[in-house]
Structure formats: C-alpha cells, structure tokens
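The block underneath contains the structure these notes are about, expressed in structure tokens.
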Amino acid sequence: MTETIQNRIRRLKTEKNAIILAHNYELPEIQDIADVVGDSLELAIKAKEATEEIIVFCGVEFMAETAKILNPEKKVILPVKGAGCPLADQLTPEMLLEAKQEYPGAEVVVYVNSTAECKAVADLVCTSANAANAVRSCRSKTVIFGPDSNLADYVQGEVPEKIIIPVPKTGHCYVHAVFTEDDVREAKKNGRITICHPECPKNIRDHADIIASTGGMVREAVKGDRWTIFTEKEMAYRLKTLYPDKEFSVNENAICRDMKLTTLKKLEEALISGEYNVTLPDDIIQKASGAIERMIAIKG
Ligand code: SF4
C-alpha cells in the first residue's frame, strides 16, 4: 500500500528530529499535521521551548525569523521561501529611526508582524495578544508603534495614558480590510456573537461584541455557541476543530494569500531538502533578541 503524504511527513519529522509549528491561518491540512497550532505569541513561546533540532515553521517569514532569533543555534525552516506579510513590508528601520529623531526619548514598540531589521531597532516587540500590556510597560509617555495603524489605534483606546505615534500612519493588513459594518450588524441581527481581530479597522472594532487576537478567540469561544469571526478565514477551521459542537461563520474572502502557500507537498519537500533554511546576520539576531524576549515575558 502506498504511504500517504501525511504519513511520509510524520516519518520524516521523526527521522529529522523536527517539530512542526503552524499558524492559525494555515490551510486545514497543515493545521491537522502540525504538532502545535497557534497565534504568533503562542508559537514564539513553543519555538523557544522546542527541544527538537529542527523547527519547521508553517507560516510567513517574520514568524520563522522570530523563531530563529529565539533559537539561533537551531535550524529553522520556512517551507516556502518568500511567504511574506504585506503588512510587515510597510515598515522599514529607516522609518523608525526617523520617528525616533522626531520624538526623542519615545520607546519603539513593533508588532511581531515586522521584519527582523525593524525588530533590531525596537525596544520591544508585541503581538496582538499582548500589545496593550506591551505599551503599558513602556517608560516613555510617547510610544512609537508600527506597522499596523489599526492595532495602534486599538491600543490607544486601551491605554489612554500613553501617546501612540503610528508608523506608518496608514499601515494595515489587506485581509482585515474586507469586512463592512453591515457584515457585523447582519451577524448580530442573526443572533450571532461577533468577534474581531484588533487588526480590523475602527468601524469594525466599534461594532463587534469582542475584540481578540486569534489566541484570544480560542479562549473566548467557550462563552457562546454561534459566532461570526472577523479575521482570516482559516480561523473558523481552527475553532471548529477545537469546538465541533459550535458554529463559526467567516467571510470566505478574508484570505491571506501568503499563508496559503504552504501545502503538504511543500512541507514534505522542505523536510527532505532542509530548505528554506532561515538565516539572519548575527548583529540583527543580537539586537532583536532582547526586544523579542521582552515580548515573551509580557502576558496577553
Ligand atoms: S493575515 Fe495580514 S498581517 Fe497576517 S500574515 Fe497575512 S498579510 Fe500579514
């Protein structure tokens, strides 16, 4: 009998002493085969704790880079070279350095959805799960925050005692821009609990019942039976796997194209070839690691 691709991947994983981590937005078949599925913060923590020799990161580049910075001595593999994040690409280290000149003394918080070079000039990295607490932990009253201006605006509402300067002013994720206020109203009219990601624009956040990171959605879902979720579509699969008796509807057009690049075939090829092997310059790893360690220490 021919061995299924899932069994070949499991066998290769054991042979190579690898762990497979997958983000909540990955394809269902990738979520099913992963050892751990989670949000950026949960996966960063798992990557740090991993005892295996190889970390295979099914996600996008900034996530694999973060795992590499936390484990410089380990091999970190991103199955598809070039699986990126258009939000992360909206911020450069030069933009942050310019903002630091404009706001002397302001601490720099960057969202984990940013390049390793941006993390290297940041004081602190955050995820959507701990962004408000990260900003609260800053010593400076003014905080430079990038690249997601919607997350910056959400955090400003949660932490009014700080002055948040978003860099760039309109940084956003295209996946979270597909929702409309009418979608939220309609879902509520149909008796559904609405939950949105903080990367959603303000008009969606203002109408949703709950605002939560994807990890937060997993925790909140115990509280109700019929949900409409406003984030990337595969999150509905993740929630349904965890709570098979509950209903989760999602906008099928909310698709992160880069998260869909990792297929079972690509994952198998990556385990065989050991590519794409994530590498970063030593100085970037050294400069970014403190800011990422602070992120891991801050609770959501
Ligand atoms: S969903 Fe948006 S923020 Fe997340 S990886 Fe895709 S493009 Fe980047």
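In the structure tokens, the first chain shown is A, the next is B, and so on; residue numbers restart at 1 for each chain, and ligands run from 1 in the order shown.
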| request: Residues within 7 Å of ligand 1, counting only C-alpha atoms and all ligand atoms: report them as number ranges by chain. | output: A: 60, 84-88, 113, 173-176, 232, 256-259
| request: With a distance cut-off of 9 Å and only C-alpha atoms, select the neighbouring residues of A:Ala208, excluding the residue or stretch itself and same-chain residues fewer than 6 positions from it, and output the selection as a ChimeraX atom specification. | output: /A:181,184-185,188,193-196,230
So that each row is one residue of stretch 180-293 of chain A with an atom at most 10 Å from stretch 119-123 of chain A, can you give its shortest atom pair and the distance in Å to one decimal, using only C-alpha atoms, rows by chain and rising number, as JSON lines?
{"residue": "A:Asp283", "atom": "CA", "partner": "A:Ala120", "partner_atom": "CA", "distance": 8.5}
{"residue": "A:Ile284", "atom": "CA", "partner": "A:Ala120", "partner_atom": "CA", "distance": 5.6}
{"residue": "A:Ile285", "atom": "CA", "partner": "A:Ala120", "partner_atom": "CA", "distance": 7.5}
{"residue": "A:Gln286", "atom": "CA", "partner": "A:Ala120", "partner_atom": "CA", "distance": 7.9}
{"residue": "A:Lys287", "atom": "CA", "partner": "A:Ala120", "partner_atom": "CA", "distance": 4.7}
{"residue": "A:Ala288", "atom": "CA", "partner": "A:Ala120", "partner_atom": "CA", "distance": 4.0}
{"residue": "A:Ser289", "atom": "CA", "partner": "A:Ala120", "partner_atom": "CA", "distance": 7.7}
{"residue": "A:Gly290", "atom": "CA", "partner": "A:Asp123", "partner_atom": "CA", "distance": 7.9}
{"residue": "A:Ala291", "atom": "CA", "partner": "A:Asp123", "partner_atom": "CA", "distance": 5.4}
{"residue": "A:Ile292", "atom": "CA", "partner": "A:Lys119", "partner_atom": "CA", "distance": 7.8}
| task | Please provide the set of residues having any atom within 10 Å of stretch 221-224 of chain A, restricted to only C-alpha atoms, with same-chain residues fewer than 6 positions apart removed, written as a list in words. | result | Arg192, Ile193, Ile195, Leu239, Lys240, Leu242, Tyr243, Lys246, Glu247 and Phe248 of chain A
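Neighbours of A:Val109 closer than or equal to 8 Å, with only C-alpha atoms counted and sequence neighbours fewer than 6 positions away skipped, come out as Ala122, Asp123, Leu124, Val125, Cys126, Ala134, Val135, Val143, Ile144, Phe145 and Gly146 of chain A.
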| field | Residues within 6 Å of A:Met235, only C-alpha atoms, excluding chain neighbours under 3 positions, as a list in words | value | Asn24, Tyr25, Glu232 and Arg238 of chain A
Write the selection just made, keeping N, CA and C atoms, as a tab-separated table (two decimals), in the first residue's frame?
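Dumped to result.tsv:
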chain	number	residue	atom	x	y	z
A	24	ASN	N	-2.53	29.78	12.99
A	24	ASN	CA	-3.98	29.58	12.87
A	24	ASN	C	-4.54	29.87	11.47
A	25	TYR	N	-3.79	30.61	10.65
A	25	TYR	CA	-4.29	30.96	9.30
A	25	TYR	C	-3.82	29.98	8.22
A	232	GLU	N	-8.91	36.19	9.40
A	232	GLU	CA	-8.62	35.31	8.26
A	232	GLU	C	-9.49	34.05	8.31
A	238	ARG	N	-9.92	26.34	12.57
A	238	ARG	CA	-9.22	26.11	13.85
A	238	ARG	C	-10.23	26.02	15.01
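With distances restricted to only C-alpha atoms, A:Leu264 is the closest residue to A:Ile20 from A:Glu73, A:Leu264, A:His197, A:Ala99.
Distance check against A:Tyr276 using only C-alpha atoms: of A:Met217, A:Leu78, A:Leu70, A:Ile54, the minimum falls on A:Leu78.
Residues in contact with A:Asn133 at 10 Å, where only C-alpha atoms are counted and same-chain residues fewer than 4 positions away are skipped, are listed as A:Cys126, A:Ala129, A:Ser137, A:Cys138, A:Val155, A:Glu158, A:Val159, A:Met295, A:Ile298, A:Lys299, A:Gly300.
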If you keep C-alpha atoms, can you produce a file of those selected residues as a PDB file, in the first residue's frame?
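Result saved to again.pdb:
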ATOM      1  CA  CYS A 126       4.473  42.769  20.808  1.00  0.00           C
ATOM      2  CA  ALA A 129      -2.413  39.355  22.216  1.00  0.00           C
ATOM      3  CA  SER A 137       5.148  48.571  30.158  1.00  0.00           C
ATOM      4  CA  CYS A 138       6.990  51.385  28.342  1.00  0.00           C
ATOM      5  CA  VAL A 155      -4.081  50.032  21.842  1.00  0.00           C
ATOM      6  CA  GLU A 158      -6.928  50.599  25.815  1.00  0.00           C
ATOM      7  CA  VAL A 159      -4.017  52.673  27.118  1.00  0.00           C
ATOM      8  CA  MET A 295       7.537  40.277  24.202  1.00  0.00           C
ATOM      9  CA  ILE A 298       4.626  40.205  28.728  1.00  0.00           C
ATOM     10  CA  LYS A 299       1.291  38.482  29.325  1.00  0.00           C
ATOM     11  CA  GLY A 300      -1.622  38.865  26.939  1.00  0.00           C
TER      12      GLY A 300
END
| note | Computed gap from atom CA of A:Gln156 to atom CA of A:Lys189 is 29.3 Å
| request: List every residue of stretch 23-179 of chain A that DSSP, applied to the backbone of this structure, places in alpha helix (DSSP H), and write the result as a ChimeraX atom specification. | output: /A:28-33,40-49,61-70,93-102,116-120,131-136,149-158
Taking only stretch 80-150 of chain A into account, list the residues labelled strand (DSSP E or B) by DSSP (computed from the backbone), as an mmCIF file with C-alpha atoms, in the first residue's frame.
data_model
loop_
_atom_site.group_PDB
_atom_site.id
_atom_site.type_symbol
_atom_site.label_atom_id
_atom_site.label_comp_id
_atom_site.auth_asym_id
_atom_site.auth_seq_id
_atom_site.Cartn_x
_atom_site.Cartn_y
_atom_site.Cartn_z
ATOM 1 C CA GLU A 107 10.250 53.978 23.121
ATOM 2 C CA VAL A 108 9.685 51.940 19.963
ATOM 3 C CA VAL A 109 7.222 49.044 20.036
ATOM 4 C CA VAL A 110 6.938 46.965 16.890
ATOM 5 C CA TYR A 111 4.278 44.442 16.143
ATOM 6 C CA LEU A 124 10.036 45.964 22.493
ATOM 7 C CA VAL A 125 8.156 43.595 20.212
ATOM 8 C CA CYS A 126 4.473 42.769 20.808
ATOM 9 C CA THR A 142 5.094 58.769 23.910
ATOM 10 C CA VAL A 143 5.400 55.416 22.171
ATOM 11 C CA ILE A 144 6.267 54.880 18.509
ATOM 12 C CA PHE A 145 4.259 51.903 17.222
ATOM 13 C CA GLY A 146 4.378 50.136 13.866
#
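Residues in contact range of A:Gly171, defined as at most 10 Å between only C-alpha atoms, with sequence neighbours fewer than 5 positions away removed, read Pro86, Leu87, Ala88, Asp89, Gln90, Leu91, Gly146, Pro147, Asp148, Ser149, Asn150, Leu151, Ala152 and Pro166 of chain A.
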Mind writing the picked residues with C-alpha atoms as a PDB file, in the first residue's frame?
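For reference, again_9.pdb as written:
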ATOM      1  CA  PRO A  86       2.485  42.653   3.103  1.00  0.00           C
ATOM      2  CA  LEU A  87       1.811  44.391   6.446  1.00  0.00           C
ATOM      3  CA  ALA A  88       5.380  43.746   7.636  1.00  0.00           C
ATOM      4  CA  ASP A  89       6.685  45.160   4.339  1.00  0.00           C
ATOM      5  CA  GLN A  90       5.084  48.531   5.110  1.00  0.00           C
ATOM      6  CA  LEU A  91       7.680  49.376   7.764  1.00  0.00           C
ATOM      7  CA  GLY A 146       4.378  50.136  13.866  1.00  0.00           C
ATOM      8  CA  PRO A 147       3.450  48.918  11.356  1.00  0.00           C
ATOM      9  CA  ASP A 148      -0.276  48.275  11.997  1.00  0.00           C
ATOM     10  CA  SER A 149      -2.153  51.560  12.451  1.00  0.00           C
ATOM     11  CA  ASN A 150      -5.400  49.736  13.361  1.00  0.00           C
ATOM     12  CA  LEU A 151      -3.686  47.852  16.162  1.00  0.00           C
ATOM     13  CA  ALA A 152      -2.044  51.139  17.231  1.00  0.00           C
ATOM     14  CA  PRO A 166       1.690  55.067  14.444  1.00  0.00           C
TER      15      PRO A 166
END
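Distance annotation: of A:Glu29, A:Asp209, A:Glu52, A:Glu293, the residue with the minimal separation from A:Trp227 is A:Asp209; atom set is only C-alpha atoms.
Residue nearest A:Ala236, chosen from A:Ala44, A:Leu27, A:Cys58, A:Leu261 and counting only C-alpha atoms: A:Leu27.
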Listing only residues of stretch 99-201 of chain A within 8 Å of stretch 62-69 of chain A, what is the closest atom pair and its distance in Å (to one decimal) for each, using only C-alpha atoms, sorted by chain and residue number ascending, as JSON lines?
{"residue": "A:Val112", "atom": "CA", "partner": "A:Phe62", "partner_atom": "CA", "distance": 7.3}
{"residue": "A:Asn113", "atom": "CA", "partner": "A:Phe62", "partner_atom": "CA", "distance": 6.2}
{"residue": "A:Ser114", "atom": "CA", "partner": "A:Phe62", "partner_atom": "CA", "distance": 6.2}
{"residue": "A:Thr115", "atom": "CA", "partner": "A:Phe62", "partner_atom": "CA", "distance": 5.8}
{"residue": "A:Ala116", "atom": "CA", "partner": "A:Glu65", "partner_atom": "CA", "distance": 6.6}
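Shortest atom-to-atom contact with A:Ile9 among A:Lys266, A:Arg205, A:Arg294, A:Arg219: A:Lys266, counting only C-alpha atoms.
Interatomic distance, atom CA of A:Lys162 against atom CA of A:His207: 24.1 Å.
Nearest residue to A:Glu98, choosing from A:Ala254, A:Pro201, A:Val167, A:Glu15 and counting only C-alpha atoms: A:Val167.
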